file final.csv (CSV, C-alpha atoms and all ligand atoms)
chain,number,residue,atom,x,y,z
A,1,MET,CA,0.0,0.0,0.0
A,2,THR,CA,1.4,3.4,-0.9
A,3,ALA,CA,1.4,6.1,1.8
A,4,PRO,CA,-1.0,9.0,1.2
A,5,VAL,CA,0.4,12.1,-0.3
A,6,THR,CA,1.0,14.8,2.2
A,7,MET,CA,0.6,18.6,2.1
A,8,ARG,CA,4.4,18.9,2.5
A,9,GLN,CA,5.0,16.8,-0.7
A,10,ILE,CA,2.5,19.1,-2.5
A,11,ALA,CA,4.3,22.1,-1.3
A,12,GLU,CA,7.7,20.7,-2.4
A,13,ARG,CA,6.4,19.8,-5.8
A,14,ALA,CA,4.8,23.2,-6.3
A,15,ARG,CA,7.7,25.1,-4.7
A,16,VAL,CA,5.5,27.0,-2.3
A,17,SER,CA,5.1,26.9,1.5
A,18,ILE,CA,2.7,24.5,3.3
A,19,GLY,CA,0.7,27.5,4.4
A,20,THR,CA,0.1,28.4,0.7
A,21,VAL,CA,-1.1,24.9,0.0
A,22,SER,CA,-3.4,25.0,2.9
A,23,HIS,CA,-4.9,28.4,1.8
A,24,VAL,CA,-5.5,27.0,-1.7
A,25,ILE,CA,-7.2,23.9,-0.3
A,26,ASN,CA,-9.3,25.6,2.4
A,27,GLY,CA,-9.9,28.9,0.6
A,28,THR,CA,-8.7,30.7,3.7
A,29,ALA,CA,-6.7,33.5,1.9
A,30,THR,CA,-6.2,34.7,-1.7
A,31,VAL,CA,-3.2,33.2,-3.4
A,32,ARG,CA,-1.6,34.6,-6.5
A,33,PRO,CA,-3.1,32.9,-9.6
A,34,LYS,CA,0.3,31.6,-10.7
A,35,LEU,CA,1.1,29.9,-7.4
A,36,ARG,CA,-2.5,28.7,-7.1
A,37,GLU,CA,-2.2,27.0,-10.5
A,38,ARG,CA,1.1,25.3,-9.4
A,39,VAL,CA,-0.5,24.0,-6.3
A,40,LEU,CA,-3.6,22.7,-8.2
A,41,ASP,CA,-1.3,21.0,-10.8
A,42,ALA,CA,0.7,19.3,-8.0
A,43,ILE,CA,-2.6,18.1,-6.3
A,44,ARG,CA,-3.9,16.7,-9.6
A,45,SER,CA,-0.7,15.0,-10.7
A,46,MET,CA,0.1,13.5,-7.2
A,47,GLY,CA,-3.5,12.5,-6.5
A,48,TYR,CA,-3.7,14.3,-3.2
A,49,GLN,CA,-6.9,13.7,-1.2
A,50,PRO,CA,-7.3,16.0,1.8
A,51,SER,CA,-8.0,14.2,5.1
A,52,ALA,CA,-11.6,14.9,6.1
A,53,LEU,CA,-10.8,13.8,9.6
A,54,ALA,CA,-7.9,16.2,9.9
A,55,GLN,CA,-10.0,19.0,8.5
A,56,GLY,CA,-12.8,18.0,11.0
A,57,LEU,CA,-10.4,18.1,13.9
A,58,ARG,CA,-9.3,21.6,12.9
A,59,LYS,CA,-12.8,23.0,12.4
A,60,HIS,CA,-14.3,20.9,15.3
A,61,ARG,CA,-16.8,19.6,12.8
A,62,THR,CA,-16.7,17.1,9.9
A,63,ASN,CA,-19.0,16.8,7.0
A,64,MET,CA,-20.4,13.6,8.5
A,65,LEU,CA,-23.8,13.0,9.8
A,66,GLY,CA,-24.5,10.2,12.3
A,67,MET,CA,-27.5,8.0,11.9
A,68,VAL,CA,-28.7,5.4,14.4
A,69,ILE,CA,-31.4,2.9,13.4
A,70,PRO,CA,-33.0,0.2,15.6
A,71,ASP,CA,-33.0,-2.8,13.3
A,72,ILE,CA,-31.2,-3.0,9.9
A,73,THR,CA,-32.9,-6.3,9.1
A,74,ASN,CA,-36.4,-4.6,9.1
A,75,PRO,CA,-37.1,-3.8,5.4
A,76,PHE,CA,-38.8,-0.5,6.4
A,77,PHE,CA,-35.6,1.2,7.6
A,78,PRO,CA,-33.4,1.0,4.4
A,79,GLY,CA,-35.9,3.3,2.7
A,80,VAL,CA,-35.6,5.9,5.5
A,81,VAL,CA,-31.7,5.6,5.3
A,82,ARG,CA,-31.9,6.1,1.5
A,83,GLY,CA,-33.8,9.3,1.9
A,84,VAL,CA,-31.3,10.6,4.4
A,85,GLU,CA,-28.3,9.6,2.3
A,86,ASP,CA,-29.7,11.1,-1.0
A,87,VAL,CA,-30.2,14.5,0.7
A,88,ALA,CA,-26.8,14.3,2.5
A,89,TYR,CA,-24.9,13.3,-0.5
A,90,LYS,CA,-26.2,16.2,-2.6
A,91,ARG,CA,-24.9,18.5,0.1
A,92,SER,CA,-21.5,16.7,0.2
A,93,PHE,CA,-22.2,15.3,3.6
A,94,ARG,CA,-21.5,11.6,4.3
A,95,VAL,CA,-23.5,9.3,6.6
A,96,ILE,CA,-22.1,7.0,9.3
A,97,LEU,CA,-24.8,4.4,9.8
A,98,CYS,CA,-25.1,2.5,13.2
A,99,ASN,CA,-27.5,-0.4,13.8
A,100,ALA,CA,-28.6,-0.6,17.4
A,101,ASP,CA,-30.1,-4.0,17.1
A,102,ASN,CA,-33.0,-2.9,19.3
A,103,ASP,CA,-30.5,-2.9,22.2
A,104,PRO,CA,-30.8,0.3,24.3
A,105,SER,CA,-27.3,0.0,25.6
A,106,LYS,CA,-25.8,-0.5,22.2
A,107,GLU,CA,-27.8,2.5,21.0
A,108,ALA,CA,-26.5,4.6,24.0
A,109,SER,CA,-22.8,3.7,23.1
A,110,TYR,CA,-23.3,4.7,19.5
A,111,VAL,CA,-24.9,8.0,20.4
A,112,ARG,CA,-22.1,8.8,22.9
A,113,GLU,CA,-19.3,7.7,20.5
A,114,LEU,CA,-20.6,9.5,17.4
A,115,ARG,CA,-20.0,12.8,19.2
A,116,SER,CA,-16.3,12.1,19.4
A,117,TYR,CA,-16.2,11.8,15.5
A,118,GLN,CA,-17.1,15.5,15.4
A,119,ILE,CA,-20.3,14.7,13.4
A,120,ALA,CA,-22.1,17.8,12.1
A,121,GLY,CA,-25.5,16.4,13.2
A,122,LEU,CA,-27.3,13.3,14.4
A,123,LEU,CA,-30.4,11.5,13.0
A,124,ILE,CA,-31.9,8.8,15.2
A,125,ILE,CA,-34.8,6.3,15.2
A,126,PRO,CA,-34.8,5.4,18.8
A,127,ALA,CA,-35.0,1.7,20.0
A,128,ALA,CA,-37.8,0.5,22.3
A,129,GLY,CA,-37.2,1.0,25.9
A,130,ALA,CA,-34.2,3.3,25.4
A,131,ASP,CA,-33.6,6.1,27.8
A,132,ILE,CA,-31.8,8.2,25.3
A,133,ALA,CA,-33.2,11.7,25.7
A,134,GLY,CA,-30.5,12.7,28.1
A,135,HIS,CA,-27.7,11.7,25.7
A,136,LEU,CA,-29.5,13.6,22.9
A,137,ARG,CA,-29.8,16.8,25.1
A,138,ALA,CA,-26.0,16.6,25.5
A,139,TYR,CA,-25.7,17.1,21.8
A,140,ALA,CA,-27.9,20.2,22.0
A,141,SER,CA,-25.6,21.6,24.7
A,142,ALA,CA,-22.6,21.0,22.4
A,143,SER,CA,-24.5,22.7,19.6
A,144,VAL,CA,-24.7,19.6,17.5
A,145,PRO,CA,-28.3,19.3,16.1
A,146,VAL,CA,-30.4,16.2,16.5
A,147,VAL,CA,-33.5,15.1,14.6
A,148,CYS,CA,-35.6,12.1,15.7
A,149,ILE,CA,-37.3,10.1,13.0
A,150,ASP,CA,-40.4,7.9,13.2
A,151,ARG,CA,-40.5,7.7,17.0
A,152,VAL,CA,-39.4,10.1,19.8
A,153,PRO,CA,-37.9,9.0,23.1
A,154,ASP,CA,-39.6,9.9,26.4
A,155,GLY,CA,-39.0,13.5,27.3
A,156,TRP,CA,-37.8,14.6,23.8
A,157,LYS,CA,-38.7,18.2,23.0
A,158,GLY,CA,-36.5,18.7,20.0
A,159,ASP,CA,-37.0,18.3,16.2
A,160,ALA,CA,-38.8,15.3,15.0
A,161,VAL,CA,-40.2,14.0,11.7
A,162,LEU,CA,-43.0,11.5,12.2
A,163,VAL,CA,-46.0,10.1,10.3
A,164,ALA,CA,-49.7,10.3,11.1
A,165,ASN,CA,-49.7,7.0,13.0
A,166,ALA,CA,-53.0,7.3,14.8
A,167,GLU,CA,-54.8,8.4,11.6
A,168,GLY,CA,-53.4,5.5,9.6
A,169,ALA,CA,-54.4,2.9,12.2
A,170,TYR,CA,-57.8,4.5,12.4
A,171,LEU,CA,-58.4,4.2,8.7
A,172,ALA,CA,-57.3,0.5,8.6
A,173,THR,CA,-59.5,-0.4,11.5
A,174,LYS,CA,-62.4,1.5,10.0
A,175,HIS,CA,-62.0,-0.4,6.8
A,176,LEU,CA,-62.2,-3.7,8.7
A,177,ILE,CA,-65.3,-2.5,10.5
A,178,GLN,CA,-66.9,-1.4,7.2
A,179,MET,CA,-66.3,-4.8,5.8
A,180,GLY,CA,-68.5,-6.2,8.6
A,181,HIS,CA,-66.0,-7.3,11.2
A,182,ARG,CA,-67.0,-7.0,14.8
A,183,ARG,CA,-64.5,-9.4,16.4
A,184,LEU,CA,-61.3,-7.3,15.8
A,185,ALA,CA,-58.0,-7.9,17.4
A,186,VAL,CA,-54.9,-5.8,17.3
A,187,ILE,CA,-51.2,-6.7,17.6
A,188,ALA,CA,-49.5,-3.6,18.8
A,189,GLY,CA,-45.8,-2.8,18.6
A,190,PRO,CA,-43.9,-2.2,21.9
A,191,LEU,CA,-46.1,0.3,23.6
A,192,LYS,CA,-43.2,2.2,25.0
A,193,LEU,CA,-42.7,3.5,21.5
A,194,THR,CA,-44.6,6.6,20.6
A,195,ASN,CA,-45.6,5.3,17.2
A,196,ALA,CA,-46.8,2.0,18.6
A,197,ALA,CA,-48.9,3.7,21.2
A,198,GLU,CA,-50.4,6.1,18.6
A,199,ARG,CA,-51.4,3.2,16.3
A,200,LEU,CA,-53.2,1.5,19.2
A,201,LYS,CA,-55.0,4.8,19.9
A,202,GLY,CA,-56.2,4.9,16.2
A,203,PHE,CA,-57.5,1.3,16.5
A,204,THR,CA,-59.3,2.1,19.7
A,205,ARG,CA,-60.8,5.2,18.3
A,206,ALA,CA,-62.3,3.5,15.3
A,207,LEU,CA,-63.9,0.8,17.5
A,208,ASN,CA,-65.2,3.3,19.9
A,209,GLU,CA,-66.7,5.4,17.2
A,210,ALA,CA,-68.5,2.3,15.7
A,211,ARG,CA,-69.5,1.2,19.2
A,212,VAL,CA,-67.7,-2.1,18.7
A,213,GLU,CA,-66.6,-3.7,22.0
A,214,ILE,CA,-62.9,-3.9,22.6
A,215,GLU,CA,-62.1,-7.3,24.1
A,216,PRO,CA,-59.0,-6.9,26.3
A,217,GLU,CA,-57.6,-10.3,25.3
A,218,PHE,CA,-57.8,-9.1,21.7
A,219,VAL,CA,-55.2,-6.5,22.3
A,220,GLN,CA,-51.7,-8.1,22.2
A,221,GLU,CA,-48.4,-6.4,22.4
A,222,ALA,CA,-45.5,-7.6,20.3
A,223,CYS,CA,-42.1,-6.4,19.1
A,224,PHE,CA,-42.5,-5.2,15.5
A,225,ASP,CA,-41.0,-8.4,14.2
A,226,THR,CA,-42.3,-11.5,12.4
A,227,GLU,CA,-41.7,-14.0,15.2
A,228,SER,CA,-43.5,-11.9,17.9
A,229,GLY,CA,-46.3,-11.3,15.4
A,230,TYR,CA,-46.6,-15.0,14.8
A,231,GLN,CA,-46.6,-15.8,18.5
A,232,ALA,CA,-49.3,-13.2,19.2
A,233,ALA,CA,-51.4,-14.5,16.3
A,234,LEU,CA,-51.2,-18.1,17.7
A,235,ARG,CA,-52.5,-16.7,21.0
A,236,LEU,CA,-55.3,-14.8,19.4
A,237,LEU,CA,-56.3,-17.6,17.0
A,238,GLY,CA,-56.3,-20.2,19.8
A,239,MET,CA,-59.1,-18.2,21.5
A,240,LEU,CA,-62.7,-19.3,20.9
A,241,PRO,CA,-64.5,-17.6,19.5
A,242,ARG,CA,-61.5,-16.1,17.8
A,243,PRO,CA,-61.2,-12.8,16.0
A,244,THR,CA,-62.3,-12.5,12.4
A,245,ALA,CA,-59.8,-9.7,11.7
A,246,ILE,CA,-56.4,-8.8,13.0
A,247,PHE,CA,-54.8,-5.4,12.5
A,248,ALA,CA,-51.0,-5.9,12.9
A,249,CYS,CA,-49.3,-2.6,13.6
A,250,ASN,CA,-46.5,-3.3,11.2
A,251,ASP,CA,-46.0,-5.5,8.1
A,252,LEU,CA,-43.5,-7.9,9.6
A,253,MET,CA,-46.0,-8.8,12.4
A,254,ALA,CA,-48.7,-9.1,9.7
A,255,PHE,CA,-46.5,-11.7,7.9
A,256,GLY,CA,-46.3,-13.5,11.2
A,257,VAL,CA,-50.1,-13.5,11.4
A,258,LEU,CA,-50.3,-14.9,7.8
A,259,GLN,CA,-47.9,-17.6,8.7
A,260,ALA,CA,-49.9,-18.6,11.9
A,261,ALA,CA,-53.2,-18.6,9.9
A,262,ARG,CA,-51.7,-20.8,7.3
A,263,GLU,CA,-50.4,-23.3,9.9
A,264,LEU,CA,-53.9,-23.4,11.5
A,265,GLY,CA,-55.5,-24.0,8.2
A,266,LEU,CA,-57.3,-20.7,8.1
A,267,ARG,CA,-57.8,-19.0,4.8
A,268,CYS,CA,-57.0,-15.3,4.4
A,269,PRO,CA,-59.3,-13.4,3.9
A,270,GLU,CA,-62.2,-15.9,4.0
A,271,ASP,CA,-61.5,-17.1,7.6
A,272,LEU,CA,-59.3,-14.3,8.8
A,273,SER,CA,-58.8,-10.7,7.5
A,274,ILE,CA,-55.3,-9.2,8.1
A,275,ALA,CA,-54.2,-5.6,7.8
A,276,GLY,CA,-50.7,-4.3,8.3
A,277,PHE,CA,-48.8,-1.0,8.6
A,278,ASP,CA,-45.9,0.2,6.5
A,279,SER,CA,-47.0,-1.1,3.1
A,280,LEU,CA,-43.6,-2.4,2.3
A,281,GLU,CA,-43.0,-2.6,-1.4
A,282,PHE,CA,-43.3,-6.4,-1.7
A,283,THR,CA,-46.7,-6.5,0.2
A,284,GLN,CA,-48.4,-6.3,-3.2
A,285,PHE,CA,-46.7,-9.6,-4.2
A,286,THR,CA,-47.5,-11.7,-1.1
A,287,ASP,CA,-50.3,-14.2,-1.3
A,288,PRO,CA,-52.8,-12.7,-0.7
A,289,SER,CA,-51.5,-9.2,-1.2
A,290,LEU,CA,-51.5,-7.4,2.1
A,291,THR,CA,-53.8,-4.5,2.9
A,292,SER,CA,-51.6,-2.1,4.8
A,293,VAL,CA,-51.2,1.5,5.8
A,294,TYR,CA,-48.5,3.1,3.6
A,295,GLN,CA,-46.1,5.4,5.4
A,296,PRO,CA,-43.5,7.3,3.3
A,297,GLY,CA,-40.2,5.9,4.6
A,298,TYR,CA,-38.0,7.6,2.0
A,299,GLN,CA,-39.7,11.0,2.6
A,300,LEU,CA,-39.3,10.5,6.4
A,301,GLY,CA,-35.6,10.2,5.9
A,302,ALA,CA,-35.2,13.0,3.3
A,303,THR,CA,-37.3,15.4,5.3
A,304,ALA,CA,-35.4,14.7,8.5
A,305,ALA,CA,-32.0,15.2,6.7
A,306,ARG,CA,-33.2,18.5,5.1
A,307,LEU,CA,-34.2,19.7,8.6
A,308,LEU,CA,-31.0,18.6,10.1
A,309,LEU,CA,-28.9,20.4,7.5
A,310,GLN,CA,-30.9,23.6,8.0
A,311,ARG,CA,-29.9,23.3,11.7
A,312,VAL,CA,-26.3,22.6,10.7
A,313,ASP,CA,-26.5,25.8,8.5
A,314,GLY,CA,-27.6,27.8,11.5
A,315,LEU,CA,-31.4,27.7,11.5
A,316,ARG,CA,-32.4,28.7,15.1
A,317,SER,CA,-36.1,28.4,15.4
A,318,ALA,CA,-38.3,26.6,17.9
A,319,PRO,CA,-38.2,22.8,17.6
A,320,LYS,CA,-40.2,21.5,14.7
A,321,LYS,CA,-42.5,18.5,14.6
A,322,VAL,CA,-43.2,17.5,11.0
A,323,LEU,CA,-46.0,15.1,10.5
A,324,LEU,CA,-46.2,13.2,7.1
A,325,PRO,CA,-49.5,11.7,5.9
A,326,THR,CA,-50.2,8.0,5.8
A,327,GLU,CA,-52.5,6.2,3.3
A,328,LEU,CA,-54.5,3.0,3.5
A,329,LYS,CA,-53.7,0.6,0.6
A,330,LYS,CA,-56.6,-1.8,0.2
A,331,ARG,CA,-55.4,-5.1,-1.2
A,332,ASN,CA,-56.6,-8.7,-1.0
A,333,SER,CA,-56.0,-9.8,2.7
A,334,VAL,CA,-59.2,-8.1,3.9
A,335,GLY,CA,-62.7,-9.3,3.1
A,336,PRO,CA,-66.0,-9.7,4.8
A,337,PRO,CA,-66.2,-12.1,7.7
A,338,HIS,CA,-67.8,-15.6,7.2
A,339,VAL,CA,-71.0,-16.2,9.0
A,340,ALA,CA,-70.5,-19.6,10.7
A,341,GLY,CA,-71.2,-21.4,13.9
A,342,PRO,CA,-70.8,-19.8,17.3
A,343,GLU,CA,-67.5,-21.5,18.1
A,344,SER,CA,-65.7,-20.3,15.0
A,345,VAL,CA,-67.2,-17.0,14.0
A,346,GLY,CA,-65.1,-16.4,10.9
A,347,GLY,CA,-64.5,-19.9,9.7
A,348,THR,CA,-63.7,-23.5,10.8
A,349,MET,CA,-60.2,-24.5,11.5
A,350,ARG,CA,-58.9,-27.1,9.0
A,351,LYS,CA,-56.0,-29.5,9.5
A,352,GLY,CA,-53.8,-26.9,11.3
A,353,LYS,CA,-51.1,-28.1,13.7
A,354,HIS,CA,-52.3,-25.8,16.6
A,355,SER,CA,-55.7,-26.5,18.2
A,356,GLY,CA,-58.2,-23.9,19.4
A,357,ARG,CA,-58.4,-22.9,23.1
A,358,ARG,CA,-61.6,-21.5,24.7
A,359,ARG,CA,-61.1,-17.9,25.8
A,360,ARG,CA,-61.9,-17.2,29.4
B,1,LIG,O1,-41.6,-2.0,10.7
B,1,LIG,C1,-40.9,-1.2,11.6
B,1,LIG,C2,-41.9,-0.3,12.2
B,1,LIG,O2,-41.2,0.3,13.2
B,1,LIG,C3,-42.4,0.7,11.3
B,1,LIG,O3,-43.8,0.6,11.3
B,1,LIG,C4,-41.8,2.0,11.7
B,1,LIG,O4,-42.8,3.0,11.8
B,1,LIG,C5,-41.0,1.6,12.9
B,1,LIG,O5,-41.2,2.4,14.0

call {"tool": "encode", "arguments": {"input": "final.csv", "output": "structure tokens", "more": "lines below"}}
Ligand code: RIB
result
Amino acid sequence: MTAPVTMRQIAERARVSIGTVSHVINGTATVRPKLRERVLDAIRSMGYQPSALAQGLRKHRTNMLGMVIPDITNPFFPGVVRGVEDVAYKRSFRVILCNADNDPSKEASYVRELRSYQIAGLLIIPAAGADIAGHLRAYASASVPVVCIDRVPDGWKGDAVLVANAEGAYLATKHLIQMGHRRLAVIAGPLKLTNAAERLKGFTRALNEARVEIEPEFVQEACFDTESGYQAALRLLGMLPRPTAIFACNDLMAFGVLQAARELGLRCPEDLSIAGFDSLEFTQFTDPSLTSVYQPGYQLGATAARLLLQRVDGLRSAPKKVLLPTELKKRNSVGPPHVAGPESVGGTMRKGKHSGRRRR
């Protein structure tokens, strides 16, 4: 490996001082055109690449943005990162991406460490159960802007870009009710997360408005992943009479419900209607295609990055809370409930491997 070209070597080749090279690179003083040309020639011919880290150390700020996400394996988050990266790239900022793995202590270490990289700003989608607001306030004290995306931690009063979670959940539930469902269950995300709590509120509001009873056992909390959605669905579908429709508060959990229904020999939507939240791109290709609440992941990221860069540029207004709209995408996983015997309102179980359990 060849050693990187240094400013000293550029100065020697161009027969100028290191100070002159530095002025040309950083634009900190006017340099005579003849000397400037010699420096630029030397830079070009020797392939000099200024060290962003060294520049950052001098200016106490790099052109890097930190971004912490809770789960890189969840297909919703790459779209958000893409939105951030596109905006940052156009402004010559680079993104350091950290995956917290839904682990609050890993998240806290990333947030603490990123500051030592002299990042220009931080974007974060907080993990469930994380007590991160204090760490984020430390950024504010150091004048490093922070924007929360998709969820906000407890006690966060700063900038945030979110979606209309309650409204989206309300629309999905209303659609299920309009289809004729009265035995509706919900699989909520971790209720410590603001967006999970909002979605549950939307579900409850739709049921209350339609005067449909909310069965406490039909409200299950899970972890926004397929496995916990699957386990919650097994619990729900083992109750008798069981729900005729399940609203899963994200698509991964909805896939878990589909899987459980399949194993129990229940047809979707004939025996069980399923709706999700996110409307991931491939939900139109599942069998059946999934009715789901679309949320604009890319726009979430892009909007948050634009706001962060405005702060980096010196915007000093009161904290902003931007709310992006959601939209219900009606597909084939929702249909009217089957009218059947009292034990199995919504269909009879076929040769599934799990048997029904009477609900107390
Ligand atoms: O699928 C991941 C979920 O967690 C999404 O619904 C998103 O809003 C996030 O918080």

call {"tool": "residues_around", "arguments": {"input": "final.csv", "residues": "A:Asp103", "least_positions_apart": "5", "cutoff": "12 Å", "atoms": "all atoms listed in the file", "output": "short mmCIF file (atom, residue, chain, number, x, y, z; two decimals) with C-alpha atoms, in the coordinates of the input"}}
result
data_model
loop_
_atom_site.label_atom_id
_atom_site.label_comp_id
_atom_site.auth_asym_id
_atom_site.auth_seq_id
_atom_site.Cartn_x
_atom_site.Cartn_y
_atom_site.Cartn_z
CA VAL A 68 -28.70 5.40 14.40
CA ILE A 69 -31.40 2.90 13.40
CA PRO A 70 -33.00 0.20 15.60
CA ASP A 71 -33.00 -2.80 13.30
CA CYS A 98 -25.10 2.50 13.20
CA ALA A 108 -26.50 4.60 24.00
CA SER A 109 -22.80 3.70 23.10
CA TYR A 110 -23.30 4.70 19.50
CA PRO A 126 -34.80 5.40 18.80
CA ALA A 127 -35.00 1.70 20.00
CA ALA A 128 -37.80 0.50 22.30
CA GLY A 129 -37.20 1.00 25.90
CA ALA A 130 -34.20 3.30 25.40
CA ASP A 131 -33.60 6.10 27.80
CA ILE A 132 -31.80 8.20 25.30
#

call {"tool": "closest_residue", "arguments": {"input": "final.csv", "among": "A:Leu234, A:Ile246, A:Ala197, A:Ala142", "to": "A:Ala185", "atoms": "all atoms listed in the file"}}
result
A:Ile246

call {"tool": "closest_residue", "arguments": {"input": "final.csv", "among": "A:Ala133, A:Ala210, A:Ala160, A:Ala120", "to": "A:Asp313", "atoms": "only C-alpha atoms"}}
result
A:Ala120

call {"tool": "closest_residue", "arguments": {"input": "final.csv", "among": "A:Pro145, A:Pro75, A:Gly335, A:Pro104", "to": "ligand LIG 1 (chain B)", "atoms": "only C-alpha atoms and all ligand atoms"}}
result
A:Pro75

call {"tool": "atom_distance", "arguments": {"input": "final.csv", "atom1": "atom CA of A:His135", "atom2": "atom CA of A:Asp154"}}
result
12.1 Å

call {"tool": "closest_atom_pairs", "arguments": {"input": "final.csv", "of": "chain A", "to": "ligand LIG 1 (chain B)", "cutoff": "7 Å", "atoms": "all atoms listed in the file", "output": "CSV"}}
result
residue,atom,partner,partner_atom,distance
A:Asn74,CA,B:LIG1,O1,6.0
A:Phe76,CA,B:LIG1,O1,5.3
A:Asp150,CA,B:LIG1,O5,5.6
A:Arg151,CA,B:LIG1,O5,6.1
A:Asn195,CA,B:LIG1,O5,6.2
A:Phe224,CA,B:LIG1,C1,5.8
A:Cys249,CA,B:LIG1,O3,6.8
A:Asn250,CA,B:LIG1,O3,4.7
A:Asp251,CA,B:LIG1,O1,6.2
A:Leu252,CA,B:LIG1,O1,6.3
A:Phe277,CA,B:LIG1,O3,5.9
A:Asp278,CA,B:LIG1,O3,5.3

call {"tool": "write_last_selection", "arguments": {"input": "final.csv", "atoms": "C-alpha atoms", "output": "short mmCIF file (atom, residue, chain, number, x, y, z; two decimals), in the coordinates of the input"}}
result
data_model
loop_
_atom_site.label_atom_id
_atom_site.label_comp_id
_atom_site.auth_asym_id
_atom_site.auth_seq_id
_atom_site.Cartn_x
_atom_site.Cartn_y
_atom_site.Cartn_z
CA ASN A 74 -36.40 -4.60 9.10
CA PHE A 76 -38.80 -0.50 6.40
CA ASP A 150 -40.40 7.90 13.20
CA ARG A 151 -40.50 7.70 17.00
CA ASN A 195 -45.60 5.30 17.20
CA PHE A 224 -42.50 -5.20 15.50
CA CYS A 249 -49.30 -2.60 13.60
CA ASN A 250 -46.50 -3.30 11.20
CA ASP A 251 -46.00 -5.50 8.10
CA LEU A 252 -43.50 -7.90 9.60
CA PHE A 277 -48.80 -1.00 8.60
CA ASP A 278 -45.90 0.20 6.50
#

call {"tool": "residues_around", "arguments": {"input": "final.csv", "residues": "A:Gly256", "least_positions_apart": "5", "cutoff": "12 Å", "atoms": "all atoms listed in the file", "output": "PyMOL selection string"}}
result
chain A and resi 187+222-234+246-251+261-263+274-276

call {"tool": "residues_around", "arguments": {"input": "final.csv", "residues": "stretch 111-117 of chain A", "least_positions_apart": "6", "cutoff": "12 Å", "atoms": "all atoms listed in the file", "output": "VMD selection string"}}
result
chain A and resid 52 to 57 60 to 69 95 to 100 104 to 105 123 to 127 130 to 146

call {"tool": "atom_distance", "arguments": {"input": "final.csv", "atom1": "atom CA of A:Ala302", "atom2": "atom CA of A:Ala164"}}
result
16.7 Å

call {"tool": "closest_residue", "arguments": {"input": "final.csv", "among": "A:Thr326, A:Asn332, A:Phe218, A:Leu264", "to": "A:Thr286", "atoms": "only C-alpha atoms"}}
result
A:Asn332

call {"tool": "atom_distance", "arguments": {"input": "final.csv", "atom1": "atom CA of A:Leu40", "atom2": "atom CA of A:Val24"}}
result
8.0 Å

call {"tool": "closest_residue", "arguments": {"input": "final.csv", "among": "A:Lys321, A:Lys329, A:His338, A:Arg15", "to": "A:Ala172", "atoms": "only C-alpha atoms"}}
result
A:Lys329

call {"tool": "closest_residue", "arguments": {"input": "final.csv", "among": "A:Arg94, A:Thr244, A:Arg44, A:Arg235", "to": "A:Ala260", "atoms": "only C-alpha atoms"}}
result
A:Arg235

call {"tool": "residues_near_point", "arguments": {"input": "final.csv", "point": "(-26.4, 16.1, -1.0)", "cutoff": "12 Å", "atoms": "only C-alpha atoms", "output": "PyMOL selection string"}}
result
chain A and resi 63-65+82-95+302+305-306+309

call {"tool": "residues_around", "arguments": {"input": "final.csv", "residues": "A:Pro269", "least_positions_apart": "3", "cutoff": "9 Å", "atoms": "only C-alpha atoms", "output": "PyMOL selection string"}}
result
chain A and resi 245+266+272-274+288+332-337

call {"tool": "decode", "arguments": {"input": "final.csv", "residues": "stretch 149-176 of chain A", "atoms": "C-alpha atoms", "output": "PDB file, in the first residue's frame"}}
result
ATOM      1  CA  ILE A 149     -37.319  10.123  13.000  1.00  0.00           C
ATOM      2  CA  ASP A 150     -40.418   7.905  13.168  1.00  0.00           C
ATOM      3  CA  ARG A 151     -40.480   7.732  17.007  1.00  0.00           C
ATOM      4  CA  VAL A 152     -39.399  10.059  19.796  1.00  0.00           C
ATOM      5  CA  PRO A 153     -37.870   9.008  23.102  1.00  0.00           C
ATOM      6  CA  ASP A 154     -39.557   9.897  26.384  1.00  0.00           C
ATOM      7  CA  GLY A 155     -38.985  13.510  27.314  1.00  0.00           C
ATOM      8  CA  TRP A 156     -37.751  14.576  23.832  1.00  0.00           C
ATOM      9  CA  LYS A 157     -38.736  18.151  23.016  1.00  0.00           C
ATOM     10  CA  GLY A 158     -36.469  18.697  20.012  1.00  0.00           C
ATOM     11  CA  ASP A 159     -36.954  18.309  16.249  1.00  0.00           C
ATOM     12  CA  ALA A 160     -38.821  15.256  14.986  1.00  0.00           C
ATOM     13  CA  VAL A 161     -40.173  13.977  11.678  1.00  0.00           C
ATOM     14  CA  LEU A 162     -42.998  11.491  12.154  1.00  0.00           C
ATOM     15  CA  VAL A 163     -46.021  10.107  10.319  1.00  0.00           C
ATOM     16  CA  ALA A 164     -49.733  10.280  11.131  1.00  0.00           C
ATOM     17  CA  ASN A 165     -49.707   6.968  12.992  1.00  0.00           C
ATOM     18  CA  ALA A 166     -53.047   7.253  14.771  1.00  0.00           C
ATOM     19  CA  GLU A 167     -54.823   8.383  11.633  1.00  0.00           C
ATOM     20  CA  GLY A 168     -53.386   5.498   9.571  1.00  0.00           C
ATOM     21  CA  ALA A 169     -54.378   2.904  12.170  1.00  0.00           C
ATOM     22  CA  TYR A 170     -57.829   4.467  12.425  1.00  0.00           C
ATOM     23  CA  LEU A 171     -58.353   4.184   8.650  1.00  0.00           C
ATOM     24  CA  ALA A 172     -57.258   0.530   8.555  1.00  0.00           C
ATOM     25  CA  THR A 173     -59.526  -0.398  11.473  1.00  0.00           C
ATOM     26  CA  LYS A 174     -62.446   1.530  10.029  1.00  0.00           C
ATOM     27  CA  HIS A 175     -62.002  -0.376   6.781  1.00  0.00           C
ATOM     28  CA  LEU A 176     -62.186  -3.696   8.672  1.00  0.00           C
TER      29      LEU A 176
END
